[in-house]
Amino acid sequence: MEIKHEAQENKGAFIAYIDGQRAGEMTYSVAGTDKIIIDHTGVEEAFNGKGVGKAILLEGVIPYVREKQIKVLPLCPFASAMFKKMANEIGDVVI
């Protein structure tokens, strides 16, 4: 799985590709200089149950926010559930 980050001025997305096919995405909005708001996670039907959303979060979002030293407000139900489930591993970046 390959995860690419696309960023614009106030929005961005982490997009997962498997064998060159778009498998899913996690989108966010920039909120000031110190946080992003995850507002959507979507996985293509063909890739459901393959851990795409979790991989996007753990391999894309988390390293990015730690590098930038910013926090995450997970409004997306999937992201919110993952932050609760994995509080010990990734709780340091959540608001």
# chains A, B, ... in the order shown; residues from 1 in each chain; ligands from 1
>>> residues_around(residues="Gln8 (chain A)", least_positions_apart="6", cutoff="12 Å", atoms="only C-alpha atoms", output="NGL selection string")
:A and (14 or 27-30)
>>> closest_residue(among="A:Ile90, A:Phe47, A:Val61, A:Gly32", to="Gly12 (chain A)", atoms="only C-alpha atoms")
A:Val61
>>> select_by_dssp(residues="chain A", states="helix (DSSP H, G or I)", output="PyMOL selection string")
chain A and resi 45-47+52-68+77-85+87-93
>>> select_by_dssp(residues="chain A", states="strand (DSSP E)", output="ChimeraX atom specification")
/A:2-7,11-18,21-31,35-43,71-74
>>> residues_around(residues="region 53-57 of chain A", least_positions_apart="3", cutoff="10 Å", atoms="only C-alpha atoms", output="PyMOL selection string")
chain A and resi 1-5+13-17+23-26+38+41-43+47-50+60-64+78-79+82-83+90
>>> closest_residue(among="A:Met86, A:Leu58, A:Ile37, A:Val52", to="Leu73 (chain A)", atoms="only C-alpha atoms")
A:Ile37
>>> atom_distance(atom1="CA of Glu44 (chain A)", atom2="CA of Asp92 (chain A)")
29.2 Å
